[in-house]
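Structure file input.tsv (TSV, C-alpha atoms) is printed below.
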chain	number	residue	atom	x	y	z
Q	1	MET	CA	15.26	12.42	41.46
Q	2	LYS	CA	11.53	12.01	41.16
Q	3	TYR	CA	9.70	11.10	37.98
Q	4	PRO	CA	6.02	11.70	37.23
Q	5	ARG	CA	3.76	8.72	37.61
Q	6	GLY	CA	3.93	6.39	34.61
Q	7	VAL	CA	7.30	7.70	33.47
Q	8	ARG	CA	10.19	5.31	33.86
Q	9	ALA	CA	13.38	6.68	35.37
Q	10	PRO	CA	16.35	6.36	32.98
Q	11	ASN	CA	17.84	2.87	33.13
Q	12	SER	CA	15.59	1.70	35.94
Q	13	ASN	CA	15.50	-2.10	36.12
Q	14	TYR	CA	18.30	-2.22	33.60
Q	15	GLN	CA	20.46	-4.66	35.52
Q	16	ALA	CA	17.52	-6.69	36.72
Q	17	ASN	CA	16.00	-7.37	33.35
Q	18	LYS	CA	18.43	-6.72	30.55
Q	19	GLN	CA	16.98	-9.01	27.92
Q	20	VAL	CA	13.46	-7.69	28.12
Q	21	GLN	CA	14.81	-4.15	28.19
Q	22	TYR	CA	16.54	-4.39	24.85
Q	23	GLY	CA	13.46	-5.55	23.01
Q	24	GLN	CA	11.31	-2.84	24.55
Q	25	ARG	CA	13.50	0.14	23.65
Q	26	GLY	CA	11.20	2.67	22.03
Q	27	MET	CA	8.50	0.05	21.74
Q	28	THR	CA	5.58	2.32	22.54
Q	29	LEU	CA	6.16	4.81	19.75
Q	30	GLU	CA	7.09	1.97	17.39
Q	31	LYS	CA	3.88	0.09	18.14
Q	32	ASP	CA	1.79	3.23	17.71
Q	33	LEU	CA	3.43	3.90	14.35
Q	34	ASP	CA	2.94	0.27	13.25
Q	35	ARG	CA	-0.72	0.67	14.03
Q	36	THR	CA	-0.87	3.99	12.21
Q	37	ASN	CA	0.81	2.49	9.14
Q	38	GLN	CA	-1.59	-0.45	9.16
Q	39	PHE	CA	-4.48	2.02	9.21
Q	40	TYR	CA	-3.00	3.87	6.22
Q	41	LEU	CA	-2.52	0.58	4.40
Q	42	ASP	CA	-6.04	-0.70	5.11
Q	43	SER	CA	-7.62	2.59	4.05
Q	44	LYS	CA	-5.41	2.68	0.90
Q	45	LYS	CA	-4.04	6.06	1.93
Q	46	ALA	CA	-0.34	5.13	1.85
Q	47	VAL	CA	2.06	2.17	1.76
Q	48	ILE	CA	4.61	2.79	4.52
Q	49	HIS	CA	6.48	0.06	6.42
Q	50	LYS	CA	9.09	-0.18	9.11
Q	51	LYS	CA	12.19	-1.96	7.84
Q	52	PRO	CA	13.27	-5.12	9.67
Q	53	THR	CA	16.03	-4.74	12.27
Q	54	PRO	CA	19.34	-5.35	10.49
Q	55	VAL	CA	21.00	-8.50	11.78
Q	56	GLN	CA	24.29	-10.17	10.84
Q	57	ILE	CA	23.55	-13.90	10.72
Q	58	VAL	CA	26.54	-16.07	11.65
Q	59	ASN	CA	25.09	-19.52	12.22
Q	60	VAL	CA	21.89	-21.37	11.29
Q	61	ASP	CA	20.82	-24.83	12.46
Q	62	TYR	CA	18.28	-27.09	10.77
Q	63	PRO	CA	16.73	-29.16	13.57
Q	64	SER	CA	14.14	-30.44	11.10
Q	65	ARG	CA	13.88	-30.33	7.34
Q	66	ASN	CA	11.72	-27.23	7.04
Q	67	LYS	CA	12.71	-25.25	10.10
Q	68	ALA	CA	15.76	-23.00	10.08
Q	69	LYS	CA	16.89	-21.82	13.51
Q	70	ILE	CA	19.34	-18.95	13.77
Q	71	THR	CA	21.66	-19.73	16.68
Q	72	GLU	CA	24.18	-16.91	16.37
Q	73	ALA	CA	23.56	-13.41	15.07
Q	74	TYR	CA	24.40	-9.82	15.98
Q	75	PHE	CA	22.67	-6.48	15.66
Q	76	LYS	CA	24.09	-4.29	12.91
Q	77	VAL	CA	24.20	-0.50	12.81
Q	78	PRO	CA	21.43	0.56	10.42
Q	79	SER	CA	22.59	2.37	7.26
Q	80	THR	CA	19.19	3.85	6.45
Q	81	SER	CA	16.26	5.23	8.39
Q	82	ASP	CA	13.66	2.85	9.76
Q	83	TYR	CA	10.55	3.80	7.79
Q	84	ASN	CA	9.85	4.47	4.13
Q	85	GLY	CA	7.16	4.12	1.52
Q	86	ILE	CA	4.85	5.98	-0.84
Q	87	TYR	CA	2.10	8.55	-0.23
Q	88	LYS	CA	0.22	10.47	-2.95
Q	89	GLY	CA	2.86	9.27	-5.40
Q	90	ARG	CA	5.64	10.78	-3.28
Q	91	TYR	CA	8.55	8.98	-1.63
Q	92	ILE	CA	8.34	9.20	2.18
Q	93	ASP	CA	11.31	8.53	4.48
Q	94	PHE	CA	11.53	9.00	8.23
Q	95	GLU	CA	13.17	7.96	11.45
Q	96	ALA	CA	11.32	7.62	14.76
Q	97	LYS	CA	13.03	8.34	18.07
Q	98	GLU	CA	12.00	8.50	21.69
Q	99	THR	CA	13.88	10.37	24.36
Q	100	ARG	CA	13.36	10.57	28.10
Q	101	ASN	CA	15.26	13.82	28.18
Q	102	LYS	CA	13.06	16.76	29.23
Q	103	THR	CA	14.93	19.67	27.74
Q	104	ARG	CA	16.68	18.47	24.59
Q	105	PHE	CA	17.09	15.76	21.97
Q	106	PRO	CA	20.71	14.49	22.18
Q	107	PHE	CA	22.30	13.52	18.85
Q	108	ILE	CA	23.62	10.35	20.49
Q	109	ASN	CA	20.14	8.98	19.72
Q	110	ILE	CA	20.82	8.91	15.98
Q	111	HIS	CA	23.52	7.41	13.74
Q	112	ALA	CA	25.47	9.59	11.29
Q	113	HIS	CA	24.72	7.05	8.54
Q	114	GLN	CA	21.02	7.55	9.06
Q	115	VAL	CA	21.28	11.33	8.77
Q	116	GLU	CA	23.36	11.09	5.57
Q	117	HIS	CA	20.79	8.66	4.16
Q	118	MET	CA	18.01	11.12	4.95
Q	119	ARG	CA	20.03	13.95	3.41
Q	120	GLN	CA	20.33	12.01	0.14
Q	121	CYS	CA	16.62	11.18	0.09
Q	122	HIS	CA	15.83	14.86	0.72
Q	123	LEU	CA	18.14	15.99	-2.10
Q	124	SER	CA	16.47	13.42	-4.41
Q	125	GLY	CA	13.08	15.05	-3.84
Q	126	GLY	CA	11.69	12.81	-1.11
Q	127	ILE	CA	9.61	13.94	1.86
Q	128	VAL	CA	11.91	13.35	4.84
Q	129	PHE	CA	11.38	13.96	8.54
Q	130	LEU	CA	11.86	12.64	12.06
Q	131	ILE	CA	9.12	11.68	14.48
Q	132	ILE	CA	10.40	12.53	17.94
Q	133	LYS	CA	8.64	11.58	21.15
Q	134	PHE	CA	9.48	13.33	24.40
Q	135	THR	CA	8.19	10.68	26.76
Q	136	VAL	CA	8.34	12.89	29.84
Q	137	HIS	CA	6.14	15.52	28.19
Q	138	ASP	CA	4.16	12.80	26.39
Q	139	GLU	CA	4.45	14.86	23.20
Q	140	VAL	CA	5.15	13.60	19.67
Q	141	PHE	CA	6.47	15.89	16.94
Q	142	LEU	CA	6.89	15.62	13.19
Q	143	TYR	CA	10.21	17.39	12.73
Q	144	PRO	CA	10.99	18.23	9.07
Q	145	PHE	CA	14.47	17.19	7.96
Q	146	GLU	CA	14.94	20.73	6.58
Q	147	HIS	CA	15.03	22.04	10.14
Q	148	PHE	CA	16.77	19.09	11.76
Q	149	VAL	CA	19.72	19.18	9.38
Q	150	LYS	CA	20.59	22.80	10.23
Q	151	HIS	CA	21.25	21.76	13.84
Q	152	TRP	CA	23.04	18.57	12.74
Q	153	ASP	CA	25.41	20.41	10.39
Q	154	HIS	CA	26.14	22.91	13.13
Q	155	PHE	CA	26.94	19.98	15.43
Q	156	LEU	CA	29.32	18.52	12.79
Q	157	ASN	CA	31.13	21.88	12.89
Q	158	ASN	CA	31.69	21.53	16.64
Q	159	GLY	CA	28.32	22.96	17.63
Q	160	ARG	CA	25.88	21.70	20.29
Q	161	LYS	CA	25.47	17.95	20.66
Q	162	SER	CA	21.71	18.24	20.91
Q	163	ILE	CA	18.66	20.21	19.83
Q	164	THR	CA	16.68	21.95	22.54
Q	165	TYR	CA	13.11	20.94	23.22
Q	166	GLU	CA	12.07	24.54	22.52
Q	167	ASP	CA	13.69	24.56	19.06
Q	168	ILE	CA	12.03	21.27	18.16
Q	169	LYS	CA	8.68	22.53	19.43
Q	170	ASN	CA	8.98	25.74	17.38
Q	171	GLU	CA	10.09	23.99	14.18
Q	172	SER	CA	7.74	20.99	14.28
Q	173	ILE	CA	4.14	20.04	13.86
Q	174	ILE	CA	2.75	18.38	16.97
Q	175	LEU	CA	1.00	15.04	16.44
Q	176	PRO	CA	-1.97	14.62	18.77
Q	177	MET	CA	-2.62	11.04	19.91
Q	178	LYS	CA	-5.89	9.62	18.63
Q	179	TYR	CA	-7.53	6.23	18.69
Q	180	ASN	CA	-6.97	5.38	15.04
Q	181	PRO	CA	-4.73	6.36	13.36
Q	182	ARG	CA	-2.69	6.74	16.53
Q	183	TYR	CA	-0.53	9.58	15.20
Q	184	ASP	CA	-1.87	10.96	11.94
Q	185	TYR	CA	1.51	12.09	10.66
Q	186	LEU	CA	0.33	12.22	7.04
Q	187	ALA	CA	-2.02	15.06	7.99
Q	188	ALA	CA	1.10	16.91	9.13
Q	189	VAL	CA	2.84	15.94	5.86
Q	190	ASP	CA	-0.09	17.46	3.97
Q	191	GLU	CA	0.20	20.61	6.03
Q	192	PHE	CA	3.98	21.06	5.84
Q	193	TYR	CA	4.83	19.67	2.39
Q	194	ILE	CA	1.96	19.00	0.04
Q	195	GLU	CA	-0.05	22.18	0.63
Q	196	MET	CA	3.06	24.36	0.51
Q	197	GLU	CA	3.81	23.07	-2.98
Q	198	GLN	CA	0.37	23.76	-4.38
E	1	MET	CA	20.42	-35.26	-16.33
E	2	LYS	CA	23.34	-33.18	-17.48
E	3	TYR	CA	23.86	-29.52	-16.69
E	4	PRO	CA	26.06	-27.08	-18.59
E	5	ARG	CA	29.43	-26.37	-17.08
E	6	GLY	CA	29.24	-23.83	-14.28
E	7	VAL	CA	25.54	-24.42	-13.71
E	8	ARG	CA	24.64	-26.16	-10.49
E	9	ALA	CA	22.12	-28.97	-10.66
E	10	PRO	CA	19.02	-28.27	-8.55
E	11	ASN	CA	19.63	-29.19	-4.92
E	12	SER	CA	23.07	-30.64	-5.55
E	13	ASN	CA	25.10	-30.78	-2.33
E	14	TYR	CA	21.98	-29.91	-0.43
E	15	GLN	CA	22.35	-32.61	2.19
E	16	ALA	CA	26.09	-32.27	2.37
E	17	ASN	CA	26.21	-28.59	3.10
E	18	LYS	CA	22.87	-27.30	4.25
E	19	GLN	CA	24.04	-24.33	6.28
E	20	VAL	CA	26.10	-22.80	3.53
E	21	GLN	CA	23.33	-23.47	1.03
E	22	TYR	CA	20.77	-21.36	2.81
E	23	GLY	CA	22.91	-18.27	2.98
E	24	GLN	CA	23.90	-18.51	-0.67
E	25	ARG	CA	20.42	-18.72	-2.15
E	26	GLY	CA	20.26	-16.13	-4.88
E	27	MET	CA	23.48	-14.59	-3.64
E	28	THR	CA	24.96	-13.79	-7.04
E	29	LEU	CA	22.12	-11.60	-8.24
E	30	GLU	CA	21.80	-10.06	-4.79
E	31	LYS	CA	25.49	-9.15	-4.69
E	32	ASP	CA	25.37	-7.72	-8.20
E	33	LEU	CA	22.36	-5.59	-7.25
E	34	ASP	CA	24.05	-4.44	-4.02
E	35	ARG	CA	26.99	-3.30	-6.11
E	36	THR	CA	24.70	-1.61	-8.61
E	37	ASN	CA	22.85	0.22	-5.84
E	38	GLN	CA	26.13	1.34	-4.28
E	39	PHE	CA	27.14	2.74	-7.67
E	40	TYR	CA	23.84	4.64	-7.92
E	41	LEU	CA	24.32	5.97	-4.39
E	42	ASP	CA	27.93	7.05	-4.95
E	43	SER	CA	27.07	8.80	-8.22
E	44	LYS	CA	24.02	10.46	-6.57
E	45	LYS	CA	21.76	8.92	-9.19
E	46	ALA	CA	19.34	7.18	-6.81
E	47	VAL	CA	18.92	6.05	-3.20
E	48	ILE	CA	17.84	2.40	-3.34
E	49	HIS	CA	18.56	-0.20	-0.66
E	50	LYS	CA	17.83	-3.84	-0.01
E	51	LYS	CA	15.80	-4.24	3.15
E	52	PRO	CA	17.28	-6.41	5.91
E	53	THR	CA	16.09	-10.03	6.07
E	54	PRO	CA	13.13	-10.09	8.44
E	55	VAL	CA	13.95	-12.10	11.54
E	56	GLN	CA	11.88	-12.95	14.63
E	57	ILE	CA	14.23	-12.54	17.58
E	58	VAL	CA	13.40	-14.88	20.48
E	59	ASN	CA	16.46	-14.73	22.72
E	60	VAL	CA	19.40	-12.37	23.22
E	61	ASP	CA	22.41	-12.93	25.47
E	62	TYR	CA	24.75	-10.26	26.82
E	63	PRO	CA	28.14	-11.96	27.22
E	64	SER	CA	29.71	-8.56	27.85
E	65	ARG	CA	28.28	-5.15	28.63
E	66	ASN	CA	28.27	-3.77	25.10
E	67	LYS	CA	27.79	-6.88	23.01
E	68	ALA	CA	24.35	-8.33	22.37
E	69	LYS	CA	24.37	-11.85	20.93
E	70	ILE	CA	21.20	-13.21	19.41
E	71	THR	CA	21.05	-16.91	20.30
E	72	GLU	CA	17.61	-17.83	19.02
E	73	ALA	CA	15.81	-16.34	16.05
E	74	TYR	CA	13.78	-17.46	13.04
E	75	PHE	CA	13.32	-16.27	9.49
E	76	LYS	CA	9.99	-14.54	8.90
E	77	VAL	CA	8.00	-14.46	5.69
E	78	PRO	CA	8.59	-10.99	4.20
E	79	SER	CA	5.49	-8.78	3.90
E	80	THR	CA	7.02	-6.39	1.38
E	81	SER	CA	9.40	-6.64	-1.55
E	82	ASP	CA	13.13	-6.59	-0.89
E	83	TYR	CA	14.21	-3.34	-2.54
E	84	ASN	CA	12.88	0.19	-2.50
E	85	GLY	CA	13.98	3.79	-2.69
E	86	ILE	CA	13.84	7.00	-4.70
E	87	TYR	CA	14.95	7.85	-8.26
E	88	LYS	CA	14.30	11.15	-10.05
E	89	GLY	CA	11.83	12.00	-7.31
E	90	ARG	CA	9.86	8.79	-7.97
E	91	TYR	CA	9.20	5.91	-5.58
E	92	ILE	CA	10.88	2.70	-6.79
E	93	ASP	CA	9.92	-0.77	-5.53
E	94	PHE	CA	11.11	-4.14	-6.77
E	95	GLU	CA	11.72	-7.77	-5.97
E	96	ALA	CA	14.71	-9.76	-7.28
E	97	LYS	CA	14.44	-13.49	-8.00
E	98	GLU	CA	16.69	-16.15	-9.48
E	99	THR	CA	15.45	-19.37	-10.98
E	100	ARG	CA	17.35	-22.39	-12.30
E	101	ASN	CA	14.34	-23.34	-14.36
E	102	LYS	CA	15.04	-23.14	-18.11
E	103	THR	CA	11.54	-22.73	-19.50
E	104	ARG	CA	9.46	-20.84	-16.93
E	105	PHE	CA	9.35	-18.78	-13.72
E	106	PRO	CA	7.31	-20.75	-11.16
E	107	PHE	CA	5.16	-18.65	-8.81
E	108	ILE	CA	6.40	-20.74	-5.91
E	109	ASN	CA	9.39	-18.38	-5.97
E	110	ILE	CA	7.33	-15.47	-4.70
E	111	HIS	CA	5.06	-14.84	-1.71
E	112	ALA	CA	1.49	-13.64	-2.19
E	113	HIS	CA	2.13	-10.90	0.40
E	114	GLN	CA	4.92	-9.51	-1.72
E	115	VAL	CA	2.74	-9.36	-4.82
E	116	GLU	CA	-0.06	-7.60	-2.93
E	117	HIS	CA	2.47	-5.14	-1.56
E	118	MET	CA	3.73	-4.43	-5.08
E	119	ARG	CA	0.16	-4.03	-6.31
E	120	GLN	CA	-0.50	-1.37	-3.69
E	121	CYS	CA	2.71	0.49	-4.51
E	122	HIS	CA	1.78	0.37	-8.19
E	123	LEU	CA	-1.72	1.70	-7.51
E	124	SER	CA	-0.18	4.50	-5.41
E	125	GLY	CA	1.84	5.69	-8.39
E	126	GLY	CA	5.17	3.98	-7.71
E	127	ILE	CA	7.45	2.41	-10.31
E	128	VAL	CA	7.24	-1.31	-9.57
E	129	PHE	CA	8.93	-4.28	-11.24
E	130	LEU	CA	10.69	-7.60	-10.76
E	131	ILE	CA	14.27	-8.38	-11.67
E	132	ILE	CA	14.35	-12.03	-12.73
E	133	LYS	CA	17.51	-13.99	-13.44
E	134	PHE	CA	17.38	-17.21	-15.42
E	135	THR	CA	20.68	-18.67	-14.23
E	136	VAL	CA	20.78	-21.42	-16.88
E	137	HIS	CA	20.47	-18.86	-19.68
E	138	ASP	CA	22.53	-16.34	-17.70
E	139	GLU	CA	19.95	-13.67	-18.56
E	140	VAL	CA	18.55	-10.96	-16.31
E	141	PHE	CA	15.27	-9.19	-17.06
E	142	LEU	CA	13.50	-6.13	-15.74
E	143	TYR	CA	9.91	-7.34	-15.76
E	144	PRO	CA	7.36	-4.52	-15.26
E	145	PHE	CA	4.73	-5.26	-12.62
E	146	GLU	CA	2.06	-4.23	-15.16
E	147	HIS	CA	2.86	-7.38	-17.14
E	148	PHE	CA	3.67	-9.69	-14.24
E	149	VAL	CA	0.36	-9.04	-12.49
E	150	LYS	CA	-1.72	-10.17	-15.48
E	151	HIS	CA	-0.20	-13.66	-15.18
E	152	TRP	CA	-0.45	-13.61	-11.39
E	153	ASP	CA	-4.16	-12.70	-11.41
E	154	HIS	CA	-4.79	-15.43	-13.95
E	155	PHE	CA	-2.99	-17.86	-11.63
E	156	LEU	CA	-5.19	-16.73	-8.71
E	157	ASN	CA	-8.19	-17.67	-10.90
E	158	ASN	CA	-6.87	-21.22	-11.29
E	159	GLY	CA	-4.57	-20.43	-14.18
E	160	ARG	CA	-0.97	-21.56	-14.78
E	161	LYS	CA	1.34	-21.73	-11.78
E	162	SER	CA	4.17	-20.11	-13.68
E	163	ILE	CA	5.08	-17.64	-16.42
E	164	THR	CA	6.88	-19.01	-19.44
E	165	TYR	CA	10.39	-17.88	-20.24
E	166	GLU	CA	9.13	-16.72	-23.63
E	167	ASP	CA	6.43	-14.49	-22.11
E	168	ILE	CA	8.92	-12.93	-19.73
E	169	LYS	CA	11.39	-12.37	-22.54
E	170	ASN	CA	8.72	-10.71	-24.70
E	171	GLU	CA	7.37	-8.48	-21.92
E	172	SER	CA	10.69	-7.45	-20.33
E	173	ILE	CA	13.72	-5.32	-20.90
E	174	ILE	CA	16.91	-7.38	-20.83
E	175	LEU	CA	19.65	-6.09	-18.52
E	176	PRO	CA	23.11	-6.66	-19.97
E	177	MET	CA	25.85	-7.37	-17.43
E	178	LYS	CA	28.47	-4.67	-17.24
E	179	TYR	CA	31.42	-3.95	-15.00
E	180	ASN	CA	29.85	-1.06	-13.10
E	181	PRO	CA	26.97	-0.68	-12.60
E	182	ARG	CA	26.57	-4.45	-12.86
E	183	TYR	CA	22.96	-4.32	-14.08
E	184	ASP	CA	21.93	-0.80	-15.04
E	185	TYR	CA	18.26	-1.33	-14.29
E	186	LEU	CA	17.58	2.41	-14.00
E	187	ALA	CA	18.38	2.77	-17.71
E	188	ALA	CA	15.57	0.26	-18.28
E	189	VAL	CA	13.34	2.25	-15.89
E	190	ASP	CA	14.04	5.36	-17.97
E	191	GLU	CA	13.13	3.45	-21.11
E	192	PHE	CA	9.98	1.77	-19.87
E	193	TYR	CA	8.53	4.33	-17.44
E	194	ILE	CA	10.06	7.79	-17.49
E	195	GLU	CA	10.29	8.30	-21.27
E	196	MET	CA	6.80	6.87	-21.84
E	197	GLU	CA	5.38	9.53	-19.52
E	198	GLN	CA	7.09	12.43	-21.27
Is it possible to give me this structure as structure tokens?
Amino acid sequence: MKYPRGVRAPNSNYQANKQVQYGQRGMTLEKDLDRTNQFYLDSKKAVIHKKPTPVQIVNVDYPSRNKAKITEAYFKVPSTSDYNGIYKGRYIDFEAKETRNKTRFPFINIHAHQVEHMRQCHLSGGIVFLIIKFTVHDEVFLYPFEHFVKHWDHFLNNGRKSITYEDIKNESIILPMKYNPRYDYLAAVDEFYIEMEQ
Amino acid sequence: MKYPRGVRAPNSNYQANKQVQYGQRGMTLEKDLDRTNQFYLDSKKAVIHKKPTPVQIVNVDYPSRNKAKITEAYFKVPSTSDYNGIYKGRYIDFEAKETRNKTRFPFINIHAHQVEHMRQCHLSGGIVFLIIKFTVHDEVFLYPFEHFVKHWDHFLNNGRKSITYEDIKNESIILPMKYNPRYDYLAAVDEFYIEMEQ
């Protein structure tokens, strides 16, 4: 199978370089969103942060008085989405995911706990969405939770285990890549949520 | 110096049992708030979570195919407060702190980054406060950011390095301990914020 230039084949180099691989999962989109959020913070537009990776700490050493070194810890399954904060007085909550799949977004990319968390935030009046990057197409979408959850609930009732690229494209707002902010997702929030309410 | 029964002297057992000590810092209040937040979540009253402890991961081993073991990591200074979420459609943001001091809350307990984060959330229209436990008095207060920040800004201009217990008591809403929810801080939020706005 051939991949376009600049696109990494699934699991290439996985055996050769496992440790680096783990840390780099989804790093490009994550870095671009970090940069976007920093821009929003600096320009006082919004206060939105990525939550730290949840880790179960088992053992800590104190090689010197002021330095604590964690020597044994494990990744935990997250119980919430990765990003939240406040924009125009509104609660914002979203999850960011990258897929190398060309034709669909498989639900294996997301934890059930995260979806139920987003459902509760949505029912509480928050603005909730996913940011999905199709790396092969180099396209990034803001996908409102309202649309996502229809497919998810269908999946829970033994429906498809994925959402097609076409459905996502039709139900999303595309986020063009810019210099700064990288992905101006709050412009899409204005378009989909704030303006609709006015 | 004598301490009341059940109250631990500052830094007692510190040398003897360093590793346990670190993990238990502020654990009582944290556990009570976890339980309170779970109650709010189960009763669909609010969606509020503690953020994971921020950790800088340096090395990960893969002893078996599916198990990632973190073997070197360090605690990072948090850049936000520990708790946030949504209640009645409003963005909620707070920090929880315990002190064994009897007469004041020393600012050394809180990072400047956290205060600036809370300031930005407050300016964006969020409901922002601290939950402060005086362990010696066994009293827990919801301390609105509006009041806290006056003392903090005075401190930044070479003022006192702490807030007195009396000031906190006068400017806070006390949170009585109950069975469930442990500390019903959203009742205090209703009282201080929501009802004032109506």
Output the contact residues of chain E with respect to chain Q at a cut-off of 8 Å, based on all atoms listed in the file, as a JSON list (two decimals) with C-alpha atoms, in the frame of the given file.
[["chain", "number", "residue", "atom", "x", "y", "z"],
["E", 18, "LYS", "CA", 22.87, -27.30, 4.25],
["E", 19, "GLN", "CA", 24.04, -24.33, 6.28],
["E", 44, "LYS", "CA", 24.02, 10.46, -6.57],
["E", 46, "ALA", "CA", 19.34, 7.18, -6.81],
["E", 47, "VAL", "CA", 18.92, 6.05, -3.20],
["E", 51, "LYS", "CA", 15.80, -4.24, 3.15],
["E", 52, "PRO", "CA", 17.28, -6.41, 5.91],
["E", 53, "THR", "CA", 16.09, -10.03, 6.07],
["E", 54, "PRO", "CA", 13.13, -10.09, 8.44],
["E", 55, "VAL", "CA", 13.95, -12.10, 11.54],
["E", 59, "ASN", "CA", 16.46, -14.73, 22.72],
["E", 60, "VAL", "CA", 19.40, -12.37, 23.22],
["E", 61, "ASP", "CA", 22.41, -12.93, 25.47],
["E", 62, "TYR", "CA", 24.75, -10.26, 26.82],
["E", 68, "ALA", "CA", 24.35, -8.33, 22.37],
["E", 69, "LYS", "CA", 24.37, -11.85, 20.93],
["E", 70, "ILE", "CA", 21.20, -13.21, 19.41],
["E", 71, "THR", "CA", 21.05, -16.91, 20.30],
["E", 72, "GLU", "CA", 17.61, -17.83, 19.02],
["E", 73, "ALA", "CA", 15.81, -16.34, 16.05],
["E", 74, "TYR", "CA", 13.78, -17.46, 13.04],
["E", 75, "PHE", "CA", 13.32, -16.27, 9.49],
["E", 85, "GLY", "CA", 13.98, 3.79, -2.69],
["E", 86, "ILE", "CA", 13.84, 7.00, -4.70],
["E", 87, "TYR", "CA", 14.95, 7.85, -8.26],
["E", 88, "LYS", "CA", 14.30, 11.15, -10.05],
["E", 89, "GLY", "CA", 11.83, 12.00, -7.31],
["E", 90, "ARG", "CA", 9.86, 8.79, -7.97],
["E", 91, "TYR", "CA", 9.20, 5.91, -5.58],
["E", 120, "GLN", "CA", -0.50, -1.37, -3.69],
["E", 121, "CYS", "CA", 2.71, 0.49, -4.51],
["E", 124, "SER", "CA", -0.18, 4.50, -5.41],
["E", 125, "GLY", "CA", 1.84, 5.69, -8.39],
["E", 126, "GLY", "CA", 5.17, 3.98, -7.71]]
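As for atom CA of Phe145 of chain Q and atom CA of Ile194 of chain E, they are spaced 27.5 Å apart.
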(request) For Arg160 of chain Q, list every protein, DNA or RNA residue within 12 Å, evaluated using all atoms listed in the file, and leave out those in the same chain fewer than 3 positions away; present the list as a PyMOL selection string. (result) chain Q and resi 104-108+150-157+163-164
